[in-house]
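Structure file structure16.cif (mmCIF, C-alpha atoms and all ligand atoms) is printed below.
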```cif
data_start
loop_
_atom_site.group_PDB
_atom_site.id
_atom_site.type_symbol
_atom_site.label_atom_id
_atom_site.label_comp_id
_atom_site.auth_asym_id
_atom_site.auth_seq_id
_atom_site.Cartn_x
_atom_site.Cartn_y
_atom_site.Cartn_z
ATOM 1 C CA MET P 822 17.586 34.003 11.116
ATOM 2 C CA THR P 823 15.552 32.228 8.430
ATOM 3 C CA PRO P 824 15.105 28.544 9.282
ATOM 4 C CA THR P 825 15.506 25.828 6.659
ATOM 5 C CA ILE P 826 13.255 22.794 6.629
ATOM 6 C CA THR P 827 13.505 19.638 4.555
ATOM 7 C CA ALA P 828 10.702 18.193 2.448
ATOM 8 C CA PHE P 829 10.135 15.507 -0.186
ATOM 9 C CA GLU P 830 11.371 16.245 -3.684
ATOM 10 C CA SER P 831 8.880 13.631 -4.805
ATOM 11 C CA SER P 832 6.005 12.796 -2.475
ATOM 12 C CA PRO P 833 3.609 9.823 -2.626
ATOM 13 C CA ASP P 834 0.619 12.191 -2.342
ATOM 14 C CA ARG P 835 2.035 14.661 -4.893
ATOM 15 C CA GLY P 836 2.030 17.531 -2.427
ATOM 16 C CA ARG P 837 -1.530 17.287 -1.139
ATOM 17 C CA GLY P 838 -0.566 18.178 2.400
ATOM 18 C CA LEU P 839 0.000 14.711 3.851
ATOM 19 C CA ALA P 840 3.793 14.696 4.119
ATOM 20 C CA ARG P 841 4.777 15.895 7.553
ATOM 21 C CA ASP P 842 6.641 19.002 6.406
ATOM 22 C CA MET P 843 3.083 20.360 6.015
ATOM 23 C CA ARG P 844 2.774 20.655 9.814
ATOM 24 C CA VAL P 845 5.968 22.621 10.028
ATOM 25 C CA ARG P 846 5.105 24.853 7.076
ATOM 26 C CA TRP P 847 1.674 25.547 8.609
ATOM 27 C CA ALA P 848 3.141 26.409 12.015
ATOM 28 C CA LEU P 849 5.671 28.763 10.405
ATOM 29 C CA GLU P 850 2.908 30.413 8.379
ATOM 30 C CA GLU P 851 0.703 30.816 11.484
ATOM 31 C CA VAL P 852 3.453 32.736 13.294
ATOM 32 C CA GLY P 853 4.566 34.687 10.215
ATOM 33 C CA GLN P 854 8.086 33.259 10.102
ATOM 34 C CA PRO P 855 9.555 33.016 6.569
ATOM 35 C CA TYR P 856 11.481 29.812 5.858
ATOM 36 C CA ASP P 857 13.598 28.102 3.243
ATOM 37 C CA VAL P 858 13.022 24.563 2.008
ATOM 38 C CA ARG P 859 15.621 22.004 0.974
ATOM 39 C CA LEU P 860 14.081 19.240 -1.131
ATOM 40 C CA LEU P 861 15.411 15.710 -0.816
ATOM 41 C CA SER P 862 15.085 12.596 -2.914
ATOM 42 C CA PHE P 863 14.434 9.277 -1.140
ATOM 43 C CA SER P 864 18.049 8.262 -1.591
ATOM 44 C CA GLU P 865 19.373 11.599 -0.293
ATOM 45 C CA MET P 866 17.282 11.138 2.875
ATOM 46 C CA LYS P 867 19.221 7.972 3.640
ATOM 47 C CA GLU P 868 22.689 9.433 3.027
ATOM 48 C CA SER P 869 24.913 10.352 5.949
ATOM 49 C CA ALA P 870 24.698 14.101 5.262
ATOM 50 C CA HIS P 871 20.973 13.964 6.021
ATOM 51 C CA ARG P 872 21.228 11.282 8.710
ATOM 52 C CA ASN P 873 23.476 13.676 10.634
ATOM 53 C CA LEU P 874 20.386 15.886 10.878
ATOM 54 C CA HIS P 875 17.801 13.125 11.186
ATOM 55 C CA PRO P 876 18.842 9.800 12.719
ATOM 56 C CA PHE P 877 16.005 7.946 10.977
ATOM 57 C CA GLY P 878 16.659 9.392 7.533
ATOM 58 C CA GLN P 879 13.264 11.086 7.222
ATOM 59 C CA ILE P 880 11.719 14.473 6.625
ATOM 60 C CA PRO P 881 11.030 17.006 8.044
ATOM 61 C CA THR P 882 14.076 18.528 9.694
ATOM 62 C CA TYR P 883 14.531 22.089 10.891
ATOM 63 C CA GLU P 884 17.784 24.059 10.929
ATOM 64 C CA GLU P 885 18.112 27.465 12.501
ATOM 65 C CA GLY P 886 21.627 28.716 13.258
ATOM 66 C CA ASP P 887 23.323 26.034 15.325
ATOM 67 C CA LEU P 888 20.030 24.309 16.193
ATOM 68 C CA THR P 889 18.956 21.214 14.250
ATOM 69 C CA LEU P 890 15.694 19.444 15.042
ATOM 70 C CA PHE P 891 13.827 16.426 13.725
ATOM 71 C CA GLU P 892 10.318 15.090 14.536
ATOM 72 C CA SER P 893 7.473 17.249 13.287
ATOM 73 C CA GLY P 894 5.941 17.517 16.780
ATOM 74 C CA ALA P 895 9.184 18.752 18.328
ATOM 75 C CA ILE P 896 9.632 21.250 15.507
ATOM 76 C CA VAL P 897 6.084 22.602 15.819
ATOM 77 C CA PHE P 898 6.558 22.843 19.590
ATOM 78 C CA HIS P 899 9.812 24.764 19.110
ATOM 79 C CA ILE P 900 8.126 27.204 16.720
ATOM 80 C CA ALA P 901 5.197 27.609 19.129
ATOM 81 C CA GLU P 902 7.550 28.329 22.022
ATOM 82 C CA ARG P 903 9.607 30.884 20.114
ATOM 83 C CA HIS P 904 6.683 32.815 18.644
ATOM 84 C CA GLY P 905 3.298 33.946 19.876
ATOM 85 C CA GLY P 906 0.029 32.608 18.529
ATOM 86 C CA LEU P 907 0.246 28.821 18.741
ATOM 87 C CA LEU P 908 0.186 28.274 22.517
ATOM 88 C CA PRO P 909 -1.884 30.185 25.080
ATOM 89 C CA GLU P 910 -0.190 32.556 27.528
ATOM 90 C CA ASP P 911 -2.072 31.155 30.530
ATOM 91 C CA ALA P 912 0.078 28.368 32.027
ATOM 92 C CA ASN P 913 -2.727 25.843 32.501
ATOM 93 C CA ALA P 914 -4.238 26.479 29.073
ATOM 94 C CA ARG P 915 -0.740 26.145 27.601
ATOM 95 C CA ALA P 916 -0.212 22.808 29.342
ATOM 96 C CA ARG P 917 -3.554 21.564 28.013
ATOM 97 C CA ALA P 918 -2.691 22.655 24.459
ATOM 98 C CA ILE P 919 0.605 20.754 24.741
ATOM 99 C CA ALA P 920 -1.340 17.711 25.958
ATOM 100 C CA TRP P 921 -3.390 17.909 22.759
ATOM 101 C CA MET P 922 -0.166 18.017 20.717
ATOM 102 C CA PHE P 923 0.902 14.768 22.349
ATOM 103 C CA ALA P 924 -2.578 13.302 21.969
ATOM 104 C CA ALA P 925 -2.548 14.010 18.241
ATOM 105 C CA LEU P 926 0.820 12.324 17.713
ATOM 106 C CA ASN P 927 0.783 9.590 20.356
ATOM 107 C CA THR P 928 -2.839 8.574 20.647
ATOM 108 C CA VAL P 929 -4.658 9.461 17.430
ATOM 109 C CA GLU P 930 -1.979 9.217 14.736
ATOM 110 C CA PRO P 931 -0.659 5.674 15.487
ATOM 111 C CA PRO P 932 -3.869 3.749 14.679
ATOM 112 C CA ILE P 933 -4.366 5.897 11.571
ATOM 113 C CA VAL P 934 -0.831 5.195 10.347
ATOM 114 C CA ASP P 935 -1.149 1.474 11.194
ATOM 115 C CA ARG P 936 -4.250 1.292 9.026
ATOM 116 C CA SER P 937 -2.612 3.200 6.116
ATOM 117 C CA MET P 938 0.471 0.978 6.270
ATOM 118 C CA ALA P 939 -1.702 -2.150 6.176
ATOM 119 C CA VAL P 940 -3.516 -0.875 3.079
ATOM 120 C CA LEU P 941 -0.252 0.090 1.405
ATOM 121 C CA LEU P 942 2.001 -2.809 2.303
ATOM 122 C CA GLU P 943 -0.140 -5.780 3.300
ATOM 123 C CA HIS P 944 -2.967 -5.792 0.768
ATOM 124 C CA ASP P 945 -1.741 -9.006 -0.845
ATOM 125 C CA LYS P 946 -1.585 -11.029 2.378
ATOM 126 C CA SER P 947 -4.132 -13.769 3.026
ATOM 127 C CA TRP P 948 -4.964 -12.227 6.426
ATOM 128 C CA HIS P 949 -5.244 -8.665 5.139
ATOM 129 C CA LYS P 950 -9.053 -8.357 5.385
ATOM 130 C CA GLU P 951 -9.242 -9.618 8.954
ATOM 131 C CA ARG P 952 -6.393 -7.402 10.091
ATOM 132 C CA LEU P 953 -7.823 -4.382 8.325
ATOM 133 C CA THR P 954 -11.110 -4.805 10.185
ATOM 134 C CA ILE P 955 -9.254 -4.805 13.498
ATOM 135 C CA LEU P 956 -7.190 -1.756 12.553
ATOM 136 C CA GLU P 957 -10.213 0.162 11.281
ATOM 137 C CA ASP P 958 -12.114 -0.607 14.481
ATOM 138 C CA ARG P 959 -9.244 0.942 16.449
ATOM 139 C CA VAL P 960 -9.388 4.095 14.345
ATOM 140 C CA HIS P 961 -13.160 4.284 14.887
ATOM 141 C CA VAL P 962 -12.698 4.025 18.651
ATOM 142 C CA ARG P 963 -10.354 7.011 18.646
ATOM 143 C CA LEU P 964 -12.486 9.045 16.258
ATOM 144 C CA GLY P 965 -15.572 8.385 18.359
ATOM 145 C CA GLU P 966 -13.770 9.506 21.490
ATOM 146 C CA LEU P 967 -12.323 12.591 19.835
ATOM 147 C CA SER P 968 -15.661 13.486 18.299
ATOM 148 C CA GLY P 969 -17.343 13.144 21.695
ATOM 149 C CA ARG P 970 -14.783 15.410 23.308
ATOM 150 C CA LEU P 971 -14.865 18.077 20.594
ATOM 151 C CA GLY P 972 -18.657 18.221 20.620
ATOM 152 C CA ASP P 973 -19.787 21.407 18.942
ATOM 153 C CA ALA P 974 -16.685 23.427 19.869
ATOM 154 C CA ASP P 975 -14.576 25.011 17.152
ATOM 155 C CA TRP P 976 -11.246 23.863 18.616
ATOM 156 C CA LEU P 977 -10.119 21.285 21.152
ATOM 157 C CA ASP P 978 -9.499 23.693 24.027
ATOM 158 C CA ASP P 979 -11.007 27.105 23.433
ATOM 159 C CA ALA P 980 -8.717 29.018 21.023
ATOM 160 C CA PHE P 981 -6.877 27.445 18.063
ATOM 161 C CA SER P 982 -3.494 26.097 19.178
ATOM 162 C CA ALA P 983 -0.603 23.927 18.058
ATOM 163 C CA GLY P 984 -2.679 21.033 19.428
ATOM 164 C CA ASP P 985 -5.350 21.722 16.802
ATOM 165 C CA LEU P 986 -2.733 22.245 14.109
ATOM 166 C CA LEU P 987 -1.288 18.780 14.712
ATOM 167 C CA MET P 988 -4.682 17.128 15.195
ATOM 168 C CA VAL P 989 -6.025 18.527 11.922
ATOM 169 C CA THR P 990 -2.977 17.297 10.004
ATOM 170 C CA VAL P 991 -3.329 13.862 11.624
ATOM 171 C CA LEU P 992 -7.045 13.612 10.754
ATOM 172 C CA ARG P 993 -6.333 14.672 7.176
ATOM 173 C CA ARG P 994 -4.439 11.413 6.767
ATOM 174 C CA LEU P 995 -7.899 9.789 6.674
ATOM 175 C CA ASN P 996 -8.932 11.717 3.540
ATOM 176 C CA THR P 997 -8.395 8.856 1.122
ATOM 177 C CA TRP P 998 -10.463 6.478 3.266
ATOM 178 C CA GLY P 999 -13.401 8.897 3.511
ATOM 179 C CA VAL P 1000 -14.247 7.803 7.056
ATOM 180 C CA LEU P 1001 -14.379 11.300 8.516
ATOM 181 C CA GLU P 1002 -17.768 11.837 6.873
ATOM 182 C CA LYS P 1003 -19.189 9.578 9.576
ATOM 183 C CA TYR P 1004 -18.091 12.141 12.172
ATOM 184 C CA PRO P 1005 -19.597 15.446 10.992
ATOM 185 C CA ASN P 1006 -18.080 17.513 13.806
ATOM 186 C CA LEU P 1007 -14.601 16.163 12.998
ATOM 187 C CA SER P 1008 -15.086 16.855 9.276
ATOM 188 C CA ALA P 1009 -16.129 20.401 10.123
ATOM 189 C CA TYR P 1010 -13.132 20.717 12.475
ATOM 190 C CA VAL P 1011 -10.717 19.687 9.725
ATOM 191 C CA ALA P 1012 -12.448 22.058 7.285
ATOM 192 C CA ARG P 1013 -12.011 24.910 9.813
ATOM 193 C CA GLY P 1014 -8.307 24.153 9.996
ATOM 194 C CA GLU P 1015 -7.997 23.998 6.214
ATOM 195 C CA ALA P 1016 -9.807 27.329 5.893
ATOM 196 C CA ARG P 1017 -7.168 29.195 7.893
ATOM 197 C CA PRO P 1018 -5.131 31.497 5.636
ATOM 198 C CA ALA P 1019 -1.879 30.128 7.094
ATOM 199 C CA TYR P 1020 -2.947 26.567 6.250
ATOM 200 C CA LYS P 1021 -3.720 27.583 2.672
ATOM 201 C CA ARG P 1022 -0.358 29.271 2.222
ATOM 202 C CA ALA P 1023 1.436 26.195 3.577
ATOM 203 C CA PHE P 1024 -0.612 23.847 1.392
ATOM 204 C CA ASP P 1025 0.019 25.940 -1.715
ATOM 205 C CA ALA P 1026 3.746 26.072 -0.997
ATOM 206 C CA GLN P 1027 3.961 22.296 -0.634
ATOM 207 C CA LEU P 1028 1.848 21.701 -3.730
ATOM 208 C CA ALA P 1029 3.985 24.124 -5.749
ATOM 209 C CA VAL P 1030 6.926 21.733 -5.383
ATOM 210 C CA PHE P 1031 5.006 19.251 -7.526
ATOM 211 C CA THR P 1032 3.151 21.490 -9.929
ATOM 212 C CA GLY P 1033 6.231 23.575 -10.610
ATOM 213 C CA LYS P 1034 4.034 26.667 -10.359
ATOM 214 C CA PRO P 1035 4.770 29.311 -7.703
ATOM 215 C CA PRO P 1036 2.288 29.494 -4.786
ATOM 216 C CA THR P 1037 -0.611 31.864 -5.496
ATOM 217 C CA SER P 1038 -0.913 33.310 -1.966
HETATM 218 N N1 LIG P 1101 7.470 10.874 13.616
HETATM 219 C C1 LIG P 1101 8.100 11.522 12.504
HETATM 220 C C2 LIG P 1101 7.729 10.770 11.241
HETATM 221 C C3 LIG P 1101 8.507 11.286 10.053
HETATM 222 C C4 LIG P 1101 8.092 10.556 8.795
HETATM 223 O O1 LIG P 1101 7.512 9.452 8.818
HETATM 224 N N2 LIG P 1101 8.394 11.172 7.653
HETATM 225 C C5 LIG P 1101 8.049 10.588 6.389
HETATM 226 C C6 LIG P 1101 7.409 11.619 5.497
HETATM 227 S S1 LIG P 1101 5.855 12.166 6.125
HETATM 228 C C7 LIG P 1101 9.301 10.087 5.705
HETATM 229 O O2 LIG P 1101 10.317 10.740 5.737
HETATM 230 N N3 LIG P 1101 9.189 8.931 5.075
HETATM 231 C C8 LIG P 1101 10.267 8.348 4.327
HETATM 232 C C9 LIG P 1101 10.972 7.277 5.095
HETATM 233 O O3 LIG P 1101 10.617 7.001 6.264
HETATM 234 O O4 LIG P 1101 11.880 6.698 4.510
HETATM 235 C C10 LIG P 1101 7.677 12.994 12.414
HETATM 236 O O5 LIG P 1101 6.563 13.300 12.856
HETATM 237 O O6 LIG P 1101 8.455 13.832 11.942
#
```
Just give me the structure as structure tokens.
Amino acid sequence: MTPTITAFESSPDRGRGLARDMRVRWALEEVGQPYDVRLLSFSEMKESAHRNLHPFGQIPTYEEGDLTLFESGAIVFHIAERHGGLLPEDANARARAIAWMFAALNTVEPPIVDRSMAVLLEHDKSWHKERLTILEDRVHVRLGELSGRLGDADWLDDAFSAGDLLMVTVLRRLNTWGVLEKYPNLSAYVARGEARPAYKRAFDAQLAVFTGKPPTS
């Protein structure tokens, strides 16, 4: 059965891979599962038809037969469980890859999102500069720790996994700040993720929504 995901009809980044349907698209491309996309306007996301699928009125969602999921991490995990290629077979390696999925979403993404939200929504406040310094310091702490752990490895725990997929998409949220350049191994890590054919197909498909041109790959 072909799953259907939801995505922005009109995205703040104009389809440059930051909206969280990108994670789901990438996971589906990695496992070779075709999918359909239903595009939603901001107002449609808040209507009851969509809230029945997503209690918080957001994207992405995932529908497959009588299963409906929300939360990009849960959706990527579901895809990784149902198909080979995104989680190792070995039980301990699999558990570690899942730990990295949680780390990406629970430990690394929150300070990055806090900083982006401050830039977007609080730039006119008198305390903005002071708060931004605090938030940026928190991001640097996490990046330093992650960089130290990755070292010169290609991926976080041996082979590429759903943990890397989520971590790369989380780190890409820093693109507009340019801070990743200070962590050459993390920049190279993100570039390795972006170089994967499945990533490129997912990126092209998301971008095509905004350019109106069909994906090239
Ligand atoms: N934790 C959720 C976050 C979902 C989320 O923030 N989605 C954004 C797009 S990337 C959204 O729908 N924003 C519009 C809104 O919240 O009204 C996930 O990972 O799926």
When the PyMOL selection byres (((chain P and resi 953) around 12) and not hetatm) is applied to the structure above, which residues does it catch, written out as JSON, numbers by chain?
{"P": [932, 933, 935, 936, 937, 938, 939, 940, 941, 942, 943, 944, 945, 946, 947, 948, 949, 950, 951, 952, 954, 955, 956, 957, 958, 959, 960]}
Against ligand LIG 1101 (chain P), which residues of chain P fall within 7 Å? For each one I want the closest pair of atoms and the distance in Å (one decimal), counting only C-alpha atoms and all ligand atoms, rows by chain and increasing residue number, as JSON lines.
```
{"residue": "P:Leu839", "atom": "CA", "partner": "P:LIG1101", "partner_atom": "S1", "distance": 6.8}
{"residue": "P:Ala840", "atom": "CA", "partner": "P:LIG1101", "partner_atom": "S1", "distance": 3.8}
{"residue": "P:Arg841", "atom": "CA", "partner": "P:LIG1101", "partner_atom": "S1", "distance": 4.1}
{"residue": "P:Asp842", "atom": "CA", "partner": "P:LIG1101", "partner_atom": "S1", "distance": 6.9}
{"residue": "P:Phe863", "atom": "CA", "partner": "P:LIG1101", "partner_atom": "O4", "distance": 6.7}
{"residue": "P:Gly878", "atom": "CA", "partner": "P:LIG1101", "partner_atom": "O4", "distance": 6.3}
{"residue": "P:Gln879", "atom": "CA", "partner": "P:LIG1101", "partner_atom": "O2", "distance": 3.3}
{"residue": "P:Ile880", "atom": "CA", "partner": "P:LIG1101", "partner_atom": "O2", "distance": 4.1}
{"residue": "P:Pro881", "atom": "CA", "partner": "P:LIG1101", "partner_atom": "O6", "distance": 5.6}
{"residue": "P:Phe891", "atom": "CA", "partner": "P:LIG1101", "partner_atom": "O6", "distance": 6.2}
{"residue": "P:Glu892", "atom": "CA", "partner": "P:LIG1101", "partner_atom": "O6", "distance": 3.4}
{"residue": "P:Ser893", "atom": "CA", "partner": "P:LIG1101", "partner_atom": "O6", "distance": 3.8}
{"residue": "P:Gly894", "atom": "CA", "partner": "P:LIG1101", "partner_atom": "O5", "distance": 5.8}
```
Which neighbours of Ser862 of chain P fall inside 12 Å, counting only C-alpha atoms, when residues of the same chain fewer than 4 positions from it are skipped, and could you give them as a ChimeraX atom specification?
/P:827-833,866-868,871,878-880
Residues near segment 883-887 of chain P, anyone? I mean within 6 Å using all atoms listed in the file, not counting same-chain ones fewer than 3 positions away, as a list in words.
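Surrounding residues, per the criterion: Pro824, Thr825, Ile826 and Leu890 of chain P.
Relative to atom CA of Ala925 of chain P, atom CA of Ala895 of chain P is found at 12.7 Å.
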Distance query 12 Å from (9.2, 36.2, 9.7) using only C-alpha atoms, result as a PyMOL selection string
chain P and resi 822-824+848-857+900+903-905
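Using all atoms listed in the file, the smallest distance between any of P:Leu977, P:Val897, P:Ala1016, P:Arg963 and Arg917 of chain P comes from P:Leu977.
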Once 4 Å is added on each side, what are the centre and the three edge lengths, in Å to one decimal, of the axis-aligned box enclosing the listed atoms of segment 954-970 of chain P? Present them as lines of an AutoDock Vina configuration file.
```
center_x = -12.3
center_y = 5.3
center_z = 16.7
size_x = 18.2
size_y = 28.2
size_z = 21.1
```
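Comparing the minimum interatomic distances between Glu910 of chain P and each of P:Leu964, P:Ala980, P:Leu987, P:Met843, counting only C-alpha atoms, we find that P:Ala980 sits nearest.
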From P:Ala920, P:Ala1012, P:Val934, P:Leu992, residue lying nearest Asp978 of chain P [all atoms listed in the file]
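Among P:Ala920, P:Ala1012, P:Val934, P:Leu992, it is P:Ala920 that comes nearest to Asp978 of chain P.
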Counting all atoms listed in the file, figure out which residue out of P:Leu1001, P:Val1030, P:Val1011, P:Leu907 gets nearest to His961 of chain P.
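Between P:Leu1001, P:Val1030, P:Val1011, P:Leu907, the residue approaching His961 of chain P most closely is P:Leu1001.
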Within 8 Å of segment 1020-1022 of chain P, counting all atoms listed in the file, which residues qualify if same-chain residues fewer than 3 places away don't, as an MDAnalysis selection string?
chainID P and resid 847 850:851 1014:1017 1025:1026 1036 1038
Output the residue selection produced by the PyMOL selection byres (((chain P and resi 968) around 12) and not hetatm) on the file above, formatted as a PyMOL selection string.
chain P and resi 929+960-967+969-977+988+992+1001-1011
Store the residues picked out above in a file with C-alpha atoms, as a short mmCIF file (atom, residue, chain, number, x, y, z; two decimals), in the frame of the given file.
```cif
data_model
loop_
_atom_site.label_atom_id
_atom_site.label_comp_id
_atom_site.auth_asym_id
_atom_site.auth_seq_id
_atom_site.Cartn_x
_atom_site.Cartn_y
_atom_site.Cartn_z
CA VAL P 929 -4.66 9.46 17.43
CA VAL P 960 -9.39 4.10 14.34
CA HIS P 961 -13.16 4.28 14.89
CA VAL P 962 -12.70 4.03 18.65
CA ARG P 963 -10.35 7.01 18.65
CA LEU P 964 -12.49 9.04 16.26
CA GLY P 965 -15.57 8.38 18.36
CA GLU P 966 -13.77 9.51 21.49
CA LEU P 967 -12.32 12.59 19.84
CA GLY P 969 -17.34 13.14 21.70
CA ARG P 970 -14.78 15.41 23.31
CA LEU P 971 -14.86 18.08 20.59
CA GLY P 972 -18.66 18.22 20.62
CA ASP P 973 -19.79 21.41 18.94
CA ALA P 974 -16.68 23.43 19.87
CA ASP P 975 -14.58 25.01 17.15
CA TRP P 976 -11.25 23.86 18.62
CA LEU P 977 -10.12 21.28 21.15
CA MET P 988 -4.68 17.13 15.20
CA LEU P 992 -7.04 13.61 10.75
CA LEU P 1001 -14.38 11.30 8.52
CA GLU P 1002 -17.77 11.84 6.87
CA LYS P 1003 -19.19 9.58 9.58
CA TYR P 1004 -18.09 12.14 12.17
CA PRO P 1005 -19.60 15.45 10.99
CA ASN P 1006 -18.08 17.51 13.81
CA LEU P 1007 -14.60 16.16 13.00
CA SER P 1008 -15.09 16.86 9.28
CA ALA P 1009 -16.13 20.40 10.12
CA TYR P 1010 -13.13 20.72 12.48
CA VAL P 1011 -10.72 19.69 9.72
#
```
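Nearest to Ala901 of chain P of all the residues P:Thr990, P:Ser982, P:Gln1027, P:Thr997 is P:Ser982, counting all atoms listed in the file.
Across the model, the gap from atom CA of Leu986 of chain P to atom CA of Val858 of chain P is 20.0 Å.
Considering all atoms listed in the file, the residue among P:Gly906, P:Pro876, P:Gly999, P:Gly984 positioned nearest to Ala924 of chain P is P:Gly984.
We find atom CA of Arg846 of chain P and atom CA of Thr889 of chain P to be spaced 16.0 Å apart.
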